[in-house]
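Below you'll find the structure, written out as structure tokens, and then a few comments.
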Amino acid sequence: MLNEPRVYIQVQSTYVESQSEPERQRFVFAYTISIRNLGHSPVQLISRYWRITNSNGHQTEVQGEGVVGKQPVIPPGTEYRYNSGTVLETPLGTMEGHYEMIDHSGHSFRAIIPVFRLAIPTLIN
């Protein structure tokens with residue numbers, strides 16, 4: 001398709017030591033997601049899906065409308081950025097998923113969020 005939407009997703013994660021309680025198997029991670037519209041027309045983020053996996057292999061699935069309470073429209077050549085977080089029972093894990101989006105014509109498409117690591121800094125030297 002000639003005018004197929006192109007969306008680039010970048011993720012940065014950090015360990016939030018001040019909110020974590022390792023002795024209670026509570027490890028808090030924050031992440032910043034940047035969604036860049038590389039296409040020629042606006043796109044809108046409608047919903048999200050996450051698969052969160054801890055280092056014991058336990059998986060949690062999360063889905064819902066929008067992100068952080070919003071369903072942003074991203075004009076061509078611009079970026080939408082937001083912050084969020086998750087809690088794991090282990091000091092290491094991964095997240096991956098996708099956004100359901102629509103283009104200016106109302107056609108839906110899926111933007112894949114590549115797998116990213118959640119880890120306390122001392123584990124990834």
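Labels for the structure tokens follow display order: chains A, B, ..., residues from 1 in each chain, ligands from 1.
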
Write out as an mmCIF file with N, CA and C atoms, in the first residue's frame the residues lying within 10 Å of Gly85 in chain A, counting only C-alpha atoms and excluding same-chain residues fewer than 3 positions away.
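The new file selection-v6.cif reads:
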```
data_model
loop_
_atom_site.group_PDB
_atom_site.id
_atom_site.type_symbol
_atom_site.label_atom_id
_atom_site.label_comp_id
_atom_site.auth_asym_id
_atom_site.auth_seq_id
_atom_site.Cartn_x
_atom_site.Cartn_y
_atom_site.Cartn_z
ATOM 1 N N SER A 13 13.569 2.427 29.640
ATOM 2 C CA SER A 13 13.076 2.008 30.950
ATOM 3 C C SER A 13 14.112 2.304 32.030
ATOM 4 N N THR A 14 13.621 2.536 33.241
ATOM 5 C CA THR A 14 14.496 2.791 34.385
ATOM 6 C C THR A 14 13.927 2.098 35.621
ATOM 7 N N TYR A 15 14.807 1.714 36.510
ATOM 8 C CA TYR A 15 14.429 1.115 37.786
ATOM 9 C C TYR A 15 14.152 2.242 38.765
ATOM 10 N N VAL A 16 13.043 2.156 39.489
ATOM 11 C CA VAL A 16 12.669 3.190 40.464
ATOM 12 C C VAL A 16 12.951 2.638 41.859
ATOM 13 N N VAL A 28 9.887 -1.777 41.073
ATOM 14 C CA VAL A 28 9.127 -0.801 40.296
ATOM 15 C C VAL A 28 9.992 -0.279 39.149
ATOM 16 N N PHE A 29 9.393 -0.252 37.971
ATOM 17 C CA PHE A 29 10.075 0.237 36.777
ATOM 18 C C PHE A 29 9.225 1.308 36.107
ATOM 19 N N ALA A 30 9.884 2.359 35.654
ATOM 20 C CA ALA A 30 9.224 3.411 34.868
ATOM 21 C C ALA A 30 9.727 3.275 33.441
ATOM 22 N N TYR A 31 8.894 3.702 32.502
ATOM 23 C CA TYR A 31 9.336 3.703 31.117
ATOM 24 C C TYR A 31 8.744 4.898 30.389
ATOM 25 N N THR A 32 9.506 5.362 29.421
ATOM 26 C CA THR A 32 9.083 6.455 28.545
ATOM 27 C C THR A 32 8.968 5.892 27.141
#
```

- Just the residues within 10 Å of Pro72 in chain A, please, counting only C-alpha atoms, with nothing from its chain fewer than 2 positions along; format it as a list in words. Val43, Gln44, Leu45, Ile46, Gly66, Val67, Gly69, Lys70, Ile74, Pro75, Tyr80, Arg81 and Met101 of chain A

Go ahead and write the selection's residues with C-alpha atoms as a tab-separated table (two decimals), in the first residue's frame.
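So the final result, stored in part.tsv, reads:
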```
chain	number	residue	atom	x	y	z
A	43	VAL	CA	-2.72	8.53	13.01
A	44	GLN	CA	-4.59	7.97	16.27
A	45	LEU	CA	-3.71	5.56	19.06
A	46	ILE	CA	-6.90	3.76	20.09
A	66	GLY	CA	-5.51	4.59	24.92
A	67	VAL	CA	-2.43	5.32	27.01
A	69	GLY	CA	-6.01	8.15	29.78
A	70	LYS	CA	-5.58	9.53	26.26
A	74	ILE	CA	-0.19	12.10	16.08
A	75	PRO	CA	0.28	14.41	13.09
A	80	TYR	CA	3.91	11.61	21.04
A	81	ARG	CA	5.72	10.79	24.27
A	101	MET	CA	-4.21	2.61	15.72
```

Name all residues at most 9 Å from Phe116 in chain A (count only C-alpha atoms; drop same-chain ones fewer than 2 positions away) and give them as a PyMOL selection string.
chain A and resi 11-13+93-96+113-114+118

Please give the complete set of residues from range 8-123 of chain A that DSSP, run on the backbone, assigns to strand (DSSP E), formatted as a PDB file with N, CA, C and O atoms, in the first residue's frame.
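Result saved to states_23.pdb:
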```
ATOM      1  N   TYR A   8       7.105   4.594  14.288  1.00  0.00           N
ATOM      2  CA  TYR A   8       8.323   4.112  14.930  1.00  0.00           C
ATOM      3  C   TYR A   8       8.163   4.286  16.434  1.00  0.00           C
ATOM      4  O   TYR A   8       7.797   5.370  16.901  1.00  0.00           O
ATOM      5  N   ILE A   9       8.434   3.218  17.188  1.00  0.00           N
ATOM      6  CA  ILE A   9       8.258   3.253  18.639  1.00  0.00           C
ATOM      7  C   ILE A   9       9.601   3.013  19.312  1.00  0.00           C
ATOM      8  O   ILE A   9      10.312   2.060  18.983  1.00  0.00           O
ATOM      9  N   GLN A  10       9.925   3.891  20.261  1.00  0.00           N
ATOM     10  CA  GLN A  10      11.169   3.775  21.009  1.00  0.00           C
ATOM     11  C   GLN A  10      10.830   3.785  22.497  1.00  0.00           C
ATOM     12  O   GLN A  10       9.957   4.541  22.939  1.00  0.00           O
ATOM     13  N   VAL A  11      11.526   2.948  23.282  1.00  0.00           N
ATOM     14  CA  VAL A  11      11.244   2.810  24.708  1.00  0.00           C
ATOM     15  C   VAL A  11      12.522   2.961  25.516  1.00  0.00           C
ATOM     16  O   VAL A  11      13.570   2.430  25.131  1.00  0.00           O
ATOM     17  N   GLN A  12      12.424   3.674  26.630  1.00  0.00           N
ATOM     18  CA  GLN A  12      13.512   3.752  27.605  1.00  0.00           C
ATOM     19  C   GLN A  12      12.919   3.368  28.953  1.00  0.00           C
ATOM     20  O   GLN A  12      11.887   3.913  29.359  1.00  0.00           O
ATOM     21  N   SER A  13      13.569   2.427  29.640  1.00  0.00           N
ATOM     22  CA  SER A  13      13.076   2.008  30.950  1.00  0.00           C
ATOM     23  C   SER A  13      14.112   2.304  32.030  1.00  0.00           C
ATOM     24  O   SER A  13      15.318   2.323  31.753  1.00  0.00           O
ATOM     25  N   THR A  14      13.621   2.536  33.241  1.00  0.00           N
ATOM     26  CA  THR A  14      14.496   2.791  34.385  1.00  0.00           C
ATOM     27  C   THR A  14      13.927   2.098  35.621  1.00  0.00           C
ATOM     28  O   THR A  14      12.710   1.926  35.754  1.00  0.00           O
ATOM     29  N   TYR A  15      14.807   1.714  36.510  1.00  0.00           N
ATOM     30  CA  TYR A  15      14.429   1.115  37.786  1.00  0.00           C
ATOM     31  C   TYR A  15      14.152   2.242  38.765  1.00  0.00           C
ATOM     32  O   TYR A  15      14.924   3.193  38.873  1.00  0.00           O
ATOM     33  N   PHE A  27       9.513  -4.731  42.677  1.00  0.00           N
ATOM     34  CA  PHE A  27      10.488  -3.987  41.885  1.00  0.00           C
ATOM     35  C   PHE A  27       9.717  -3.086  40.920  1.00  0.00           C
ATOM     36  O   PHE A  27       8.968  -3.576  40.073  1.00  0.00           O
ATOM     37  N   VAL A  28       9.887  -1.777  41.073  1.00  0.00           N
ATOM     38  CA  VAL A  28       9.127  -0.801  40.296  1.00  0.00           C
ATOM     39  C   VAL A  28       9.992  -0.279  39.149  1.00  0.00           C
ATOM     40  O   VAL A  28      11.153   0.094  39.354  1.00  0.00           O
ATOM     41  N   PHE A  29       9.393  -0.252  37.971  1.00  0.00           N
ATOM     42  CA  PHE A  29      10.075   0.237  36.777  1.00  0.00           C
ATOM     43  C   PHE A  29       9.225   1.308  36.107  1.00  0.00           C
ATOM     44  O   PHE A  29       8.005   1.180  36.016  1.00  0.00           O
ATOM     45  N   ALA A  30       9.884   2.359  35.654  1.00  0.00           N
ATOM     46  CA  ALA A  30       9.224   3.411  34.868  1.00  0.00           C
ATOM     47  C   ALA A  30       9.727   3.275  33.441  1.00  0.00           C
ATOM     48  O   ALA A  30      10.838   2.788  33.201  1.00  0.00           O
ATOM     49  N   TYR A  31       8.894   3.702  32.502  1.00  0.00           N
ATOM     50  CA  TYR A  31       9.336   3.703  31.117  1.00  0.00           C
ATOM     51  C   TYR A  31       8.744   4.898  30.389  1.00  0.00           C
ATOM     52  O   TYR A  31       7.677   5.385  30.721  1.00  0.00           O
ATOM     53  N   THR A  32       9.506   5.362  29.421  1.00  0.00           N
ATOM     54  CA  THR A  32       9.083   6.455  28.545  1.00  0.00           C
ATOM     55  C   THR A  32       8.968   5.892  27.141  1.00  0.00           C
ATOM     56  O   THR A  32       9.899   5.243  26.646  1.00  0.00           O
ATOM     57  N   ILE A  33       7.813   6.135  26.530  1.00  0.00           N
ATOM     58  CA  ILE A  33       7.573   5.646  25.168  1.00  0.00           C
ATOM     59  C   ILE A  33       7.447   6.843  24.239  1.00  0.00           C
ATOM     60  O   ILE A  33       6.730   7.798  24.545  1.00  0.00           O
ATOM     61  N   SER A  34       8.160   6.776  23.136  1.00  0.00           N
ATOM     62  CA  SER A  34       8.066   7.777  22.077  1.00  0.00           C
ATOM     63  C   SER A  34       7.472   7.101  20.849  1.00  0.00           C
ATOM     64  O   SER A  34       7.989   6.082  20.395  1.00  0.00           O
ATOM     65  N   ILE A  35       6.379   7.672  20.342  1.00  0.00           N
ATOM     66  CA  ILE A  35       5.709   7.146  19.153  1.00  0.00           C
ATOM     67  C   ILE A  35       5.831   8.202  18.067  1.00  0.00           C
ATOM     68  O   ILE A  35       5.276   9.294  18.192  1.00  0.00           O
ATOM     69  N   ARG A  36       6.595   7.896  17.029  1.00  0.00           N
ATOM     70  CA  ARG A  36       6.830   8.861  15.954  1.00  0.00           C
ATOM     71  C   ARG A  36       6.060   8.444  14.712  1.00  0.00           C
ATOM     72  O   ARG A  36       6.139   7.308  14.277  1.00  0.00           O
ATOM     73  N   ASN A  37       5.308   9.388  14.182  1.00  0.00           N
ATOM     74  CA  ASN A  37       4.555   9.158  12.953  1.00  0.00           C
ATOM     75  C   ASN A  37       5.449   9.520  11.766  1.00  0.00           C
ATOM     76  O   ASN A  37       5.697  10.692  11.496  1.00  0.00           O
ATOM     77  N   VAL A  43      -2.285   9.828  12.491  1.00  0.00           N
ATOM     78  CA  VAL A  43      -2.719   8.534  13.008  1.00  0.00           C
ATOM     79  C   VAL A  43      -3.195   8.749  14.441  1.00  0.00           C
ATOM     80  O   VAL A  43      -2.783   9.695  15.111  1.00  0.00           O
ATOM     81  N   GLN A  44      -4.091   7.873  14.902  1.00  0.00           N
ATOM     82  CA  GLN A  44      -4.588   7.971  16.271  1.00  0.00           C
ATOM     83  C   GLN A  44      -4.385   6.648  16.985  1.00  0.00           C
ATOM     84  O   GLN A  44      -4.693   5.584  16.450  1.00  0.00           O
ATOM     85  N   LEU A  45      -3.875   6.731  18.209  1.00  0.00           N
ATOM     86  CA  LEU A  45      -3.707   5.564  19.058  1.00  0.00           C
ATOM     87  C   LEU A  45      -5.044   5.295  19.743  1.00  0.00           C
ATOM     88  O   LEU A  45      -5.576   6.168  20.432  1.00  0.00           O
ATOM     89  N   ILE A  46      -5.586   4.101  19.554  1.00  0.00           N
ATOM     90  CA  ILE A  46      -6.902   3.758  20.092  1.00  0.00           C
ATOM     91  C   ILE A  46      -6.802   2.903  21.355  1.00  0.00           C
ATOM     92  O   ILE A  46      -7.478   3.156  22.348  1.00  0.00           O
ATOM     93  N   SER A  47      -5.950   1.873  21.309  1.00  0.00           N
ATOM     94  CA  SER A  47      -5.829   0.985  22.460  1.00  0.00           C
ATOM     95  C   SER A  47      -4.422   0.398  22.534  1.00  0.00           C
ATOM     96  O   SER A  47      -3.633   0.531  21.605  1.00  0.00           O
ATOM     97  N   ARG A  48      -4.157  -0.274  23.667  1.00  0.00           N
ATOM     98  CA  ARG A  48      -2.837  -0.857  23.891  1.00  0.00           C
ATOM     99  C   ARG A  48      -2.976  -2.288  24.384  1.00  0.00           C
ATOM    100  O   ARG A  48      -3.981  -2.667  24.978  1.00  0.00           O
ATOM    101  N   TYR A  49      -1.922  -3.064  24.134  1.00  0.00           N
ATOM    102  CA  TYR A  49      -1.816  -4.428  24.654  1.00  0.00           C
ATOM    103  C   TYR A  49      -0.371  -4.629  25.105  1.00  0.00           C
ATOM    104  O   TYR A  49       0.563  -4.309  24.364  1.00  0.00           O
ATOM    105  N   TRP A  50      -0.192  -5.148  26.318  1.00  0.00           N
ATOM    106  CA  TRP A  50       1.129  -5.444  26.849  1.00  0.00           C
ATOM    107  C   TRP A  50       1.203  -6.890  27.300  1.00  0.00           C
ATOM    108  O   TRP A  50       0.247  -7.424  27.874  1.00  0.00           O
ATOM    109  N   ARG A  51       2.360  -7.510  27.086  1.00  0.00           N
ATOM    110  CA  ARG A  51       2.708  -8.781  27.714  1.00  0.00           C
ATOM    111  C   ARG A  51       3.933  -8.500  28.566  1.00  0.00           C
ATOM    112  O   ARG A  51       4.995  -8.143  28.053  1.00  0.00           O
ATOM    113  N   ILE A  52       3.772  -8.668  29.878  1.00  0.00           N
ATOM    114  CA  ILE A  52       4.839  -8.413  30.838  1.00  0.00           C
ATOM    115  C   ILE A  52       5.289  -9.764  31.384  1.00  0.00           C
ATOM    116  O   ILE A  52       4.468 -10.544  31.869  1.00  0.00           O
ATOM    117  N   THR A  53       6.585 -10.031  31.296  1.00  0.00           N
ATOM    118  CA  THR A  53       7.127 -11.317  31.724  1.00  0.00           C
ATOM    119  C   THR A  53       8.215 -11.080  32.759  1.00  0.00           C
ATOM    120  O   THR A  53       9.151 -10.316  32.515  1.00  0.00           O
ATOM    121  N   ASN A  54       8.088 -11.740  33.936  1.00  0.00           N
ATOM    122  CA  ASN A  54       9.156 -11.600  34.920  1.00  0.00           C
ATOM    123  C   ASN A  54      10.201 -12.695  34.700  1.00  0.00           C
ATOM    124  O   ASN A  54      10.032 -13.560  33.837  1.00  0.00           O
ATOM    125  N   GLN A  59       3.781 -14.535  33.145  1.00  0.00           N
ATOM    126  CA  GLN A  59       3.343 -13.502  32.214  1.00  0.00           C
ATOM    127  C   GLN A  59       2.034 -12.875  32.668  1.00  0.00           C
ATOM    128  O   GLN A  59       1.147 -13.571  33.158  1.00  0.00           O
ATOM    129  N   THR A  60       1.949 -11.570  32.475  1.00  0.00           N
ATOM    130  CA  THR A  60       0.733 -10.818  32.735  1.00  0.00           C
ATOM    131  C   THR A  60       0.377 -10.082  31.457  1.00  0.00           C
ATOM    132  O   THR A  60       1.255  -9.492  30.815  1.00  0.00           O
ATOM    133  N   GLU A  61      -0.896 -10.111  31.091  1.00  0.00           N
ATOM    134  CA  GLU A  61      -1.358  -9.374  29.917  1.00  0.00           C
ATOM    135  C   GLU A  61      -2.200  -8.202  30.375  1.00  0.00           C
ATOM    136  O   GLU A  61      -3.031  -8.338  31.279  1.00  0.00           O
ATOM    137  N   VAL A  62      -1.963  -7.052  29.773  1.00  0.00           N
ATOM    138  CA  VAL A  62      -2.695  -5.831  30.098  1.00  0.00           C
ATOM    139  C   VAL A  62      -3.195  -5.234  28.790  1.00  0.00           C
ATOM    140  O   VAL A  62      -2.428  -5.103  27.834  1.00  0.00           O
ATOM    141  N   GLN A  63      -4.474  -4.890  28.757  1.00  0.00           N
ATOM    142  CA  GLN A  63      -4.990  -4.207  27.574  1.00  0.00           C
ATOM    143  C   GLN A  63      -6.025  -3.192  27.998  1.00  0.00           C
ATOM    144  O   GLN A  63      -6.617  -3.297  29.060  1.00  0.00           O
ATOM    145  N   GLY A  64      -6.204  -2.189  27.157  1.00  0.00           N
ATOM    146  CA  GLY A  64      -7.179  -1.160  27.476  1.00  0.00           C
ATOM    147  C   GLY A  64      -7.161  -0.055  26.445  1.00  0.00           C
ATOM    148  O   GLY A  64      -6.355  -0.043  25.507  1.00  0.00           O
ATOM    149  N   GLU A  65      -8.067   0.882  26.646  1.00  0.00           N
ATOM    150  CA  GLU A  65      -8.165   2.022  25.734  1.00  0.00           C
ATOM    151  C   GLU A  65      -7.021   2.994  25.965  1.00  0.00           C
ATOM    152  O   GLU A  65      -6.648   3.273  27.103  1.00  0.00           O
ATOM    153  N   VAL A  73      -3.929  11.836  18.842  1.00  0.00           N
ATOM    154  CA  VAL A  73      -3.754  11.927  17.398  1.00  0.00           C
ATOM    155  C   VAL A  73      -2.334  12.442  17.182  1.00  0.00           C
ATOM    156  O   VAL A  73      -1.930  13.439  17.777  1.00  0.00           O
ATOM    157  N   ILE A  74      -1.591  11.747  16.326  1.00  0.00           N
ATOM    158  CA  ILE A  74      -0.194  12.098  16.082  1.00  0.00           C
ATOM    159  C   ILE A  74      -0.068  12.579  14.639  1.00  0.00           C
ATOM    160  O   ILE A  74      -0.167  11.784  13.693  1.00  0.00           O
ATOM    161  N   GLU A  79       5.929  13.493  17.096  1.00  0.00           N
ATOM    162  CA  GLU A  79       6.117  12.421  18.052  1.00  0.00           C
ATOM    163  C   GLU A  79       5.215  12.645  19.253  1.00  0.00           C
ATOM    164  O   GLU A  79       5.017  13.787  19.674  1.00  0.00           O
ATOM    165  N   TYR A  80       4.669  11.559  19.784  1.00  0.00           N
ATOM    166  CA  TYR A  80       3.912  11.613  21.036  1.00  0.00           C
ATOM    167  C   TYR A  80       4.717  10.827  22.059  1.00  0.00           C
ATOM    168  O   TYR A  80       5.148   9.706  21.796  1.00  0.00           O
ATOM    169  N   ARG A  81       4.909  11.418  23.226  1.00  0.00           N
ATOM    170  CA  ARG A  81       5.719  10.790  24.267  1.00  0.00           C
ATOM    171  C   ARG A  81       4.918  10.738  25.553  1.00  0.00           C
ATOM    172  O   ARG A  81       4.224  11.690  25.897  1.00  0.00           O
ATOM    173  N   TYR A  82       5.034   9.617  26.266  1.00  0.00           N
ATOM    174  CA  TYR A  82       4.373   9.513  27.567  1.00  0.00           C
ATOM    175  C   TYR A  82       5.198   8.636  28.501  1.00  0.00           C
ATOM    176  O   TYR A  82       6.058   7.880  28.066  1.00  0.00           O
ATOM    177  N   ASN A  83       4.908   8.780  29.798  1.00  0.00           N
ATOM    178  CA  ASN A  83       5.586   8.010  30.844  1.00  0.00           C
ATOM    179  C   ASN A  83       4.574   7.119  31.546  1.00  0.00           C
ATOM    180  O   ASN A  83       3.433   7.537  31.766  1.00  0.00           O
ATOM    181  N   SER A  84       5.015   5.934  31.907  1.00  0.00           N
ATOM    182  CA  SER A  84       4.173   5.021  32.663  1.00  0.00           C
ATOM    183  C   SER A  84       5.087   4.104  33.459  1.00  0.00           C
ATOM    184  O   SER A  84       6.287   4.338  33.538  1.00  0.00           O
ATOM    185  N   GLY A  85       4.522   3.065  34.055  1.00  0.00           N
ATOM    186  CA  GLY A  85       5.339   2.165  34.851  1.00  0.00           C
ATOM    187  C   GLY A  85       4.652   0.849  35.111  1.00  0.00           C
ATOM    188  O   GLY A  85       3.476   0.659  34.795  1.00  0.00           O
ATOM    189  N   THR A  86       5.418  -0.045  35.709  1.00  0.00           N
ATOM    190  CA  THR A  86       4.899  -1.365  36.066  1.00  0.00           C
ATOM    191  C   THR A  86       5.665  -1.880  37.271  1.00  0.00           C
ATOM    192  O   THR A  86       6.747  -1.384  37.591  1.00  0.00           O
ATOM    193  N   VAL A  87       5.091  -2.865  37.937  1.00  0.00           N
ATOM    194  CA  VAL A  87       5.703  -3.487  39.107  1.00  0.00           C
ATOM    195  C   VAL A  87       5.906  -4.972  38.809  1.00  0.00           C
ATOM    196  O   VAL A  87       5.000  -5.649  38.325  1.00  0.00           O
ATOM    197  N   LEU A  88       7.123  -5.459  39.082  1.00  0.00           N
ATOM    198  CA  LEU A  88       7.434  -6.877  38.915  1.00  0.00           C
ATOM    199  C   LEU A  88       7.741  -7.496  40.278  1.00  0.00           C
ATOM    200  O   LEU A  88       8.111  -6.788  41.221  1.00  0.00           O
ATOM    201  N   LEU A  92      14.210  -8.579  37.300  1.00  0.00           N
ATOM    202  CA  LEU A  92      14.469  -8.609  35.874  1.00  0.00           C
ATOM    203  C   LEU A  92      13.211  -9.088  35.154  1.00  0.00           C
ATOM    204  O   LEU A  92      12.520  -9.987  35.631  1.00  0.00           O
ATOM    205  N   GLY A  93      12.917  -8.479  34.003  1.00  0.00           N
ATOM    206  CA  GLY A  93      11.769  -8.902  33.211  1.00  0.00           C
ATOM    207  C   GLY A  93      11.771  -8.216  31.865  1.00  0.00           C
ATOM    208  O   GLY A  93      12.714  -7.491  31.516  1.00  0.00           O
ATOM    209  N   THR A  94      10.705  -8.458  31.114  1.00  0.00           N
ATOM    210  CA  THR A  94      10.567  -7.824  29.797  1.00  0.00           C
ATOM    211  C   THR A  94       9.126  -7.374  29.594  1.00  0.00           C
ATOM    212  O   THR A  94       8.202  -7.865  30.252  1.00  0.00           O
ATOM    213  N   MET A  95       8.962  -6.453  28.682  1.00  0.00           N
ATOM    214  CA  MET A  95       7.644  -6.022  28.228  1.00  0.00           C
ATOM    215  C   MET A  95       7.666  -5.974  26.716  1.00  0.00           C
ATOM    216  O   MET A  95       8.705  -5.679  26.105  1.00  0.00           O
ATOM    217  N   GLU A  96       6.520  -6.247  26.111  1.00  0.00           N
ATOM    218  CA  GLU A  96       6.338  -6.108  24.667  1.00  0.00           C
ATOM    219  C   GLU A  96       4.851  -5.997  24.416  1.00  0.00           C
ATOM    220  O   GLU A  96       4.040  -6.291  25.295  1.00  0.00           O
ATOM    221  N   GLY A  97       4.489  -5.557  23.230  1.00  0.00           N
ATOM    222  CA  GLY A  97       3.069  -5.441  22.941  1.00  0.00           C
ATOM    223  C   GLY A  97       2.793  -4.747  21.627  1.00  0.00           C
ATOM    224  O   GLY A  97       3.601  -4.785  20.706  1.00  0.00           O
ATOM    225  N   HIS A  98       1.636  -4.090  21.589  1.00  0.00           N
ATOM    226  CA  HIS A  98       1.272  -3.340  20.388  1.00  0.00           C
ATOM    227  C   HIS A  98       0.208  -2.298  20.709  1.00  0.00           C
ATOM    228  O   HIS A  98      -0.454  -2.370  21.743  1.00  0.00           O
ATOM    229  N   TYR A  99       0.117  -1.333  19.815  1.00  0.00           N
ATOM    230  CA  TYR A  99      -0.954  -0.333  19.850  1.00  0.00           C
ATOM    231  C   TYR A  99      -1.875  -0.606  18.676  1.00  0.00           C
ATOM    232  O   TYR A  99      -1.409  -0.892  17.571  1.00  0.00           O
ATOM    233  N   GLU A 100      -3.175  -0.526  18.921  1.00  0.00           N
ATOM    234  CA  GLU A 100      -4.147  -0.527  17.831  1.00  0.00           C
ATOM    235  C   GLU A 100      -4.326   0.939  17.454  1.00  0.00           C
ATOM    236  O   GLU A 100      -4.591   1.787  18.326  1.00  0.00           O
ATOM    237  N   MET A 101      -4.165   1.232  16.182  1.00  0.00           N
ATOM    238  CA  MET A 101      -4.210   2.610  15.722  1.00  0.00           C
ATOM    239  C   MET A 101      -5.125   2.702  14.510  1.00  0.00           C
ATOM    240  O   MET A 101      -5.442   1.681  13.884  1.00  0.00           O
ATOM    241  N   ILE A 102      -5.529   3.916  14.202  1.00  0.00           N
ATOM    242  CA  ILE A 102      -6.282   4.143  12.967  1.00  0.00           C
ATOM    243  C   ILE A 102      -5.625   5.277  12.200  1.00  0.00           C
ATOM    244  O   ILE A 102      -5.024   6.177  12.778  1.00  0.00           O
ATOM    245  N   ASP A 103      -5.731   5.197  10.874  1.00  0.00           N
ATOM    246  CA  ASP A 103      -5.201   6.272  10.041  1.00  0.00           C
ATOM    247  C   ASP A 103      -6.301   7.288   9.755  1.00  0.00           C
ATOM    248  O   ASP A 103      -7.430   7.151  10.233  1.00  0.00           O
ATOM    249  N   SER A 108      -7.859   0.602  10.500  1.00  0.00           N
ATOM    250  CA  SER A 108      -7.072   0.257  11.681  1.00  0.00           C
ATOM    251  C   SER A 108      -5.803  -0.487  11.273  1.00  0.00           C
ATOM    252  O   SER A 108      -5.752  -1.152  10.242  1.00  0.00           O
ATOM    253  N   PHE A 109      -4.787  -0.343  12.094  1.00  0.00           N
ATOM    254  CA  PHE A 109      -3.541  -1.067  11.918  1.00  0.00           C
ATOM    255  C   PHE A 109      -2.889  -1.244  13.280  1.00  0.00           C
ATOM    256  O   PHE A 109      -3.251  -0.581  14.245  1.00  0.00           O
ATOM    257  N   ARG A 110      -1.947  -2.151  13.340  1.00  0.00           N
ATOM    258  CA  ARG A 110      -1.268  -2.478  14.589  1.00  0.00           C
ATOM    259  C   ARG A 110       0.173  -1.978  14.524  1.00  0.00           C
ATOM    260  O   ARG A 110       0.894  -2.276  13.576  1.00  0.00           O
ATOM    261  N   ALA A 111       0.575  -1.230  15.542  1.00  0.00           N
ATOM    262  CA  ALA A 111       1.962  -0.778  15.665  1.00  0.00           C
ATOM    263  C   ALA A 111       2.623  -1.621  16.753  1.00  0.00           C
ATOM    264  O   ALA A 111       2.196  -1.595  17.916  1.00  0.00           O
ATOM    265  N   ILE A 112       3.634  -2.375  16.371  1.00  0.00           N
ATOM    266  CA  ILE A 112       4.291  -3.298  17.292  1.00  0.00           C
ATOM    267  C   ILE A 112       5.251  -2.548  18.216  1.00  0.00           C
ATOM    268  O   ILE A 112       6.035  -1.710  17.764  1.00  0.00           O
ATOM    269  N   ILE A 113       5.172  -2.878  19.501  1.00  0.00           N
ATOM    270  CA  ILE A 113       6.115  -2.348  20.493  1.00  0.00           C
ATOM    271  C   ILE A 113       7.145  -3.457  20.714  1.00  0.00           C
ATOM    272  O   ILE A 113       6.813  -4.518  21.252  1.00  0.00           O
ATOM    273  N   PRO A 114       8.383  -3.238  20.287  1.00  0.00           N
ATOM    274  CA  PRO A 114       9.381  -4.304  20.415  1.00  0.00           C
ATOM    275  C   PRO A 114       9.672  -4.618  21.885  1.00  0.00           C
ATOM    276  O   PRO A 114       9.508  -3.771  22.761  1.00  0.00           O
ATOM    277  N   VAL A 115      10.118  -5.837  22.133  1.00  0.00           N
ATOM    278  CA  VAL A 115      10.434  -6.255  23.495  1.00  0.00           C
ATOM    279  C   VAL A 115      11.519  -5.347  24.076  1.00  0.00           C
ATOM    280  O   VAL A 115      12.458  -4.949  23.382  1.00  0.00           O
ATOM    281  N   PHE A 116      11.334  -4.975  25.343  1.00  0.00           N
ATOM    282  CA  PHE A 116      12.370  -4.212  26.037  1.00  0.00           C
ATOM    283  C   PHE A 116      12.556  -4.775  27.434  1.00  0.00           C
ATOM    284  O   PHE A 116      11.675  -5.411  27.994  1.00  0.00           O
ATOM    285  N   ARG A 117      13.740  -4.537  27.984  1.00  0.00           N
ATOM    286  CA  ARG A 117      14.124  -5.120  29.256  1.00  0.00           C
ATOM    287  C   ARG A 117      13.790  -4.191  30.423  1.00  0.00           C
ATOM    288  O   ARG A 117      13.949  -2.983  30.325  1.00  0.00           O
ATOM    289  N   LEU A 118      13.368  -4.809  31.506  1.00  0.00           N
ATOM    290  CA  LEU A 118      13.190  -4.142  32.792  1.00  0.00           C
ATOM    291  C   LEU A 118      14.203  -4.802  33.727  1.00  0.00           C
ATOM    292  O   LEU A 118      14.134  -6.016  33.935  1.00  0.00           O
ATOM    293  N   ALA A 119      15.156  -4.029  34.240  1.00  0.00           N
ATOM    294  CA  ALA A 119      16.198  -4.639  35.070  1.00  0.00           C
ATOM    295  C   ALA A 119      16.791  -3.622  36.031  1.00  0.00           C
ATOM    296  O   ALA A 119      16.964  -2.454  35.662  1.00  0.00           O
TER     297      ALA A 119
END
```

- Query: Which distance in Å separates CA of Arg6 in chain A and CA of Pro76 in chain A, to one decimal?
  - Reply: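 Interatomic distance, CA of Arg6 in chain A to CA of Pro76 in chain A: 9.5 Å.
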
note - CA of Glu21 in chain A and CA of Ile120 in chain A are separated by 12.2 Å

Practice task
Measure the distance from CA of Gln19 in chain A to CA of Leu123 in chain A in Å and round it to one decimal.
Solution key: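 One can read the CA of Gln19 in chain A to CA of Leu123 in chain A distance as 18.0 Å.
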
Next item on the list: Run DSSP on the backbone and give me the residues of range 17-125 of chain A it puts in helix (DSSP H, G or I), as a list of chain:residue names.
Entry: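 Answer for range 17-125 of chain A, restricted to helix (DSSP H, G or I): A:Glu17, A:Ser18, A:Gln19, A:Pro22, A:Glu23, A:Arg24, A:Pro121, A:Thr122, A:Leu123.
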